[in-house]
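**Q** My questions all concern the structure below.
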Amino acid sequence: MDSRAGQGLLRQRGVVLRRKDSPEGNRSVYVLMENEGPMWLLAPGAARGKVRFGGSTDPLVWGTFHVYRGPNRCYLRDVDVRRDFWSLRASSQKIRQAVKWSVSLVRHTLPGHACDDLLPVFFWSLSLLEEPGISDDLSDWRFYWRWLRSWGLAPDLNRCQGCGVSLSGAFFSGESLYCGKCGQRTGAGIRLEARDLCVLTAAAYLSYDDLLKNAGQLMIQPETVRSCTRLLENTLAERAG
Ligand SMILES: [Zn+2]
């Protein structure tokens, strides 16, 4: 059966981004689903324990969602949990970071529009957050850079946007990186030493395993990373609305 055609049963992998309980005891979960994009799923009675979902409707839970698509709305029937990222809840800083990503995903994606490229970006970023070796600031930078890359909007970290010269250090201004000469023309930006740029490039490009292997060498001022990540978030807000 083609579950996309209309009503019927649907089974897709996804992740819970938000959860809302109504005073009447109904639960709604906003799930980013493979092939479907984000969608609200209603679980009538779930908030008053009539239907038992346990922790499977908590935000950050990954799994396969069994859905009945009715004429007007979609109903959650069951969840096969794959990962719940429960350990992140033990640290207020880490859970704050994870929630920040969820909020960005809610804000910058459209209900009913598939954005499958973002699922692995989010999943592996949460995994990275569980790793002790890598700073949350660099994980944050990697998350937004990889998101922008999947949409073709990530800044080039290797070449000056103004003249194309290969960058050692750079000025990061607006959506792009510039060499010293072009940076002076375009005005103020975040000044990145060669070493900073090297660390940001590694955090953006390295595979998950290589990143962890090299985590000990990625030394950079936290404030520098945060400033750069804010520029990525600005790009996302301006381009995605
Ligand atoms: Zn230049």
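Ligands are numbered from 1 in the order shown, chains are lettered A, B, ... in the order of the structure tokens, and residues start at 1 in each chain.
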Using DSSP assignments from the backbone, pull out every residue in segment 33-210 of chain A that falls under helix (DSSP H, G or I) and give it to me as a PyMOL selection string.

**A** chain A and resi 46-48+86-90+92-108+118-130+136-150+180-186+194-205+208-210

**Q** Residues up to 6 Å from ligand 1, counting only C-alpha atoms and all ligand atoms: could you list those as number ranges by chain?

**A** A: 160, 162-165, 178-179, 181-182

**Q** May I ask for the distance between atom CA of Trp86 of chain A and atom CA of Ile220 of chain A, given in Å to one decimal place?

**A** 29.0 Å

**Q** Determine the nearest neighbour of Asp58 of chain A from the options A:Glu175, A:Asp21, A:Asp116, A:Asp84, counting only C-alpha atoms.

**A** A:Asp84

**Q** So which residues touch Lys20 of chain A within 12 Å, counting only C-alpha atoms, skipping near sequence neighbours fewer than 3 positions away, as number ranges by chain?

**A** A: 16-17, 23-31, 40-44, 46-47, 57-59

**Q** Write to file, as a PDB file, in the first residue's frame, the residues of the selection just made, with C-alpha atoms.

**A**
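And here's selection-v9.pdb as it stands now:
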```pdb
ATOM      1  CA  VAL A  16      10.463  13.456  18.691  1.00  0.00           C
ATOM      2  CA  LEU A  17      11.127  17.205  18.652  1.00  0.00           C
ATOM      3  CA  PRO A  23      -5.739  19.617  29.795  1.00  0.00           C
ATOM      4  CA  GLU A  24      -8.080  16.868  28.535  1.00  0.00           C
ATOM      5  CA  GLY A  25      -5.223  14.359  28.744  1.00  0.00           C
ATOM      6  CA  ASN A  26      -4.442  14.078  25.056  1.00  0.00           C
ATOM      7  CA  ARG A  27      -0.849  14.061  23.943  1.00  0.00           C
ATOM      8  CA  SER A  28       0.545  15.556  20.755  1.00  0.00           C
ATOM      9  CA  VAL A  29       4.078  14.844  19.617  1.00  0.00           C
ATOM     10  CA  TYR A  30       5.868  16.718  16.877  1.00  0.00           C
ATOM     11  CA  VAL A  31       8.048  14.168  15.114  1.00  0.00           C
ATOM     12  CA  TRP A  40       2.078  16.381  14.628  1.00  0.00           C
ATOM     13  CA  LEU A  41       0.901  12.994  15.830  1.00  0.00           C
ATOM     14  CA  LEU A  42      -2.006  12.780  18.216  1.00  0.00           C
ATOM     15  CA  ALA A  43      -2.174  10.176  20.965  1.00  0.00           C
ATOM     16  CA  PRO A  44      -5.627  10.546  22.528  1.00  0.00           C
ATOM     17  CA  ALA A  46      -1.865   9.275  26.406  1.00  0.00           C
ATOM     18  CA  ALA A  47      -1.248  12.136  28.827  1.00  0.00           C
ATOM     19  CA  THR A  57       7.012  10.061  23.375  1.00  0.00           C
ATOM     20  CA  ASP A  58       9.725  12.096  25.112  1.00  0.00           C
ATOM     21  CA  PRO A  59      11.652  14.645  23.070  1.00  0.00           C
TER      22      PRO A  59
END
```

**Q** Return as JSON, numbers by chain the full set of residues in segment 21-238 of chain A whose backbone-based DSSP assignment is strand (DSSP E or B).

**A** {"A": [21, 27, 28, 29, 30, 31, 32, 33, 37, 38, 39, 40, 41, 42, 43, 62, 63, 64, 65, 66, 67, 68, 69, 74, 75, 76, 77, 78, 79, 80, 81, 82, 83, 159, 166, 170, 171, 172, 173, 176, 177, 178, 190, 191, 192]}

**Q** Between atom CA of Tyr68 of chain A and atom CA of Val106 of chain A, what distance in Å does the model show, to one decimal?

**A**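 Taking atom CA of Tyr68 of chain A and atom CA of Val106 of chain A, their separation equals 22.1 Å.
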
**Q** Sorted by chain and rising residue number, which residues of segment 213-236 of chain A lie within 9 Å of segment 133-140 of chain A, and what are their closest atom pairs and distances in Å to one decimal, counting only C-alpha atoms, as a tab-separated table?

**A**
```
residue	atom	partner	partner_atom	distance
A:Lys213	CA	A:Gly133	CA	8.8
A:Ala215	CA	A:Ile134	CA	5.6
A:Gly216	CA	A:Gly133	CA	7.0
A:Leu218	CA	A:Ile134	CA	8.3
A:Pro222	CA	A:Asp137	CA	6.5
A:Glu223	CA	A:Asp137	CA	8.7
A:Val225	CA	A:Asp137	CA	6.3
A:Arg226	CA	A:Asp137	CA	6.4
A:Thr229	CA	A:Asp140	CA	7.1
```

**Q** Would you output that residue set with N, CA and C atoms, as a short mmCIF file (atom, residue, chain, number, x, y, z; two decimals), in the first residue's frame?

**A**
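again08.cif, freshly written:
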```cif
data_model
loop_
_atom_site.label_atom_id
_atom_site.label_comp_id
_atom_site.auth_asym_id
_atom_site.auth_seq_id
_atom_site.Cartn_x
_atom_site.Cartn_y
_atom_site.Cartn_z
N LYS A 213 38.99 10.95 17.50
CA LYS A 213 40.41 10.60 17.62
C LYS A 213 41.27 11.83 17.81
N ALA A 215 40.17 14.84 18.94
CA ALA A 215 39.48 15.83 19.78
C ALA A 215 40.45 16.57 20.71
N GLY A 216 41.46 15.85 21.20
CA GLY A 216 42.39 16.45 22.14
C GLY A 216 43.20 17.60 21.57
N LEU A 218 42.01 19.83 19.35
CA LEU A 218 41.16 20.91 18.86
C LEU A 218 41.04 22.01 19.91
N PRO A 222 36.50 29.18 23.43
CA PRO A 222 35.06 28.91 23.32
C PRO A 222 34.29 30.09 22.72
N GLU A 223 34.68 31.31 23.11
CA GLU A 223 33.94 32.49 22.63
C GLU A 223 34.07 32.65 21.11
N VAL A 225 34.40 30.16 18.94
CA VAL A 225 33.50 29.17 18.32
C VAL A 225 32.06 29.65 18.40
N ARG A 226 31.68 30.15 19.57
CA ARG A 226 30.28 30.59 19.74
C ARG A 226 29.94 31.72 18.78
N THR A 229 29.47 30.24 15.37
CA THR A 229 28.24 29.47 15.28
C THR A 229 27.03 30.40 15.16
#
```

**Q** Just how far from atom CA of Arg13 of chain A is atom CA of Phe65 of chain A, in Å to one decimal?

**A**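 Computed distance, atom CA of Phe65 of chain A to atom CA of Arg13 of chain A, equals 6.0 Å.
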
**Q** Just want the 7 Å neighbourhood of segment 10-12 of chain A, counted on only C-alpha atoms, with same-chain residues fewer than 3 positions away dropped. Output as a list in words.

**A**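 Listed by chain and then number, they are Ser3, Met33, Glu34, Thr64, Phe65, His66, Val67 and Tyr68 of chain A.
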
**Q** For Gly14 of chain A, which of A:His113, A:Arg96, A:Phe123, A:Phe53 is the closest residue, counting only C-alpha atoms?

**A**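 Of the candidates, the smallest distance to Gly14 of chain A is held by A:Phe123.
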
**Q** Looking at only C-alpha atoms, which of A:Val79, A:Leu88, A:Leu126, A:Pro120 is the one that sits closest to Gly54 of chain A?

**A** A:Val79

**Q** Find the residues around Ser176 of chain A up to 8 Å (only C-alpha atoms counted), leave out those fewer than 4 positions away in its own chain, and share them as an mmCIF file with N, CA and C atoms, in the first residue's frame.

**A**
```cif
data_model
loop_
_atom_site.group_PDB
_atom_site.id
_atom_site.type_symbol
_atom_site.label_atom_id
_atom_site.label_comp_id
_atom_site.auth_asym_id
_atom_site.auth_seq_id
_atom_site.Cartn_x
_atom_site.Cartn_y
_atom_site.Cartn_z
ATOM 1 N N PRO A 155 29.295 28.117 4.607
ATOM 2 C CA PRO A 155 30.393 28.940 4.103
ATOM 3 C C PRO A 155 31.590 28.072 3.725
ATOM 4 N N ASP A 156 32.283 28.488 2.679
ATOM 5 C CA ASP A 156 33.522 27.832 2.277
ATOM 6 C C ASP A 156 34.591 28.173 3.311
ATOM 7 N N GLN A 161 35.948 34.276 0.000
ATOM 8 C CA GLN A 161 34.742 34.502 -0.794
ATOM 9 C C GLN A 161 34.924 35.682 -1.753
ATOM 10 N N PHE A 172 35.639 36.260 9.339
ATOM 11 C CA PHE A 172 34.330 35.652 9.127
ATOM 12 C C PHE A 172 33.315 36.765 9.310
#
```
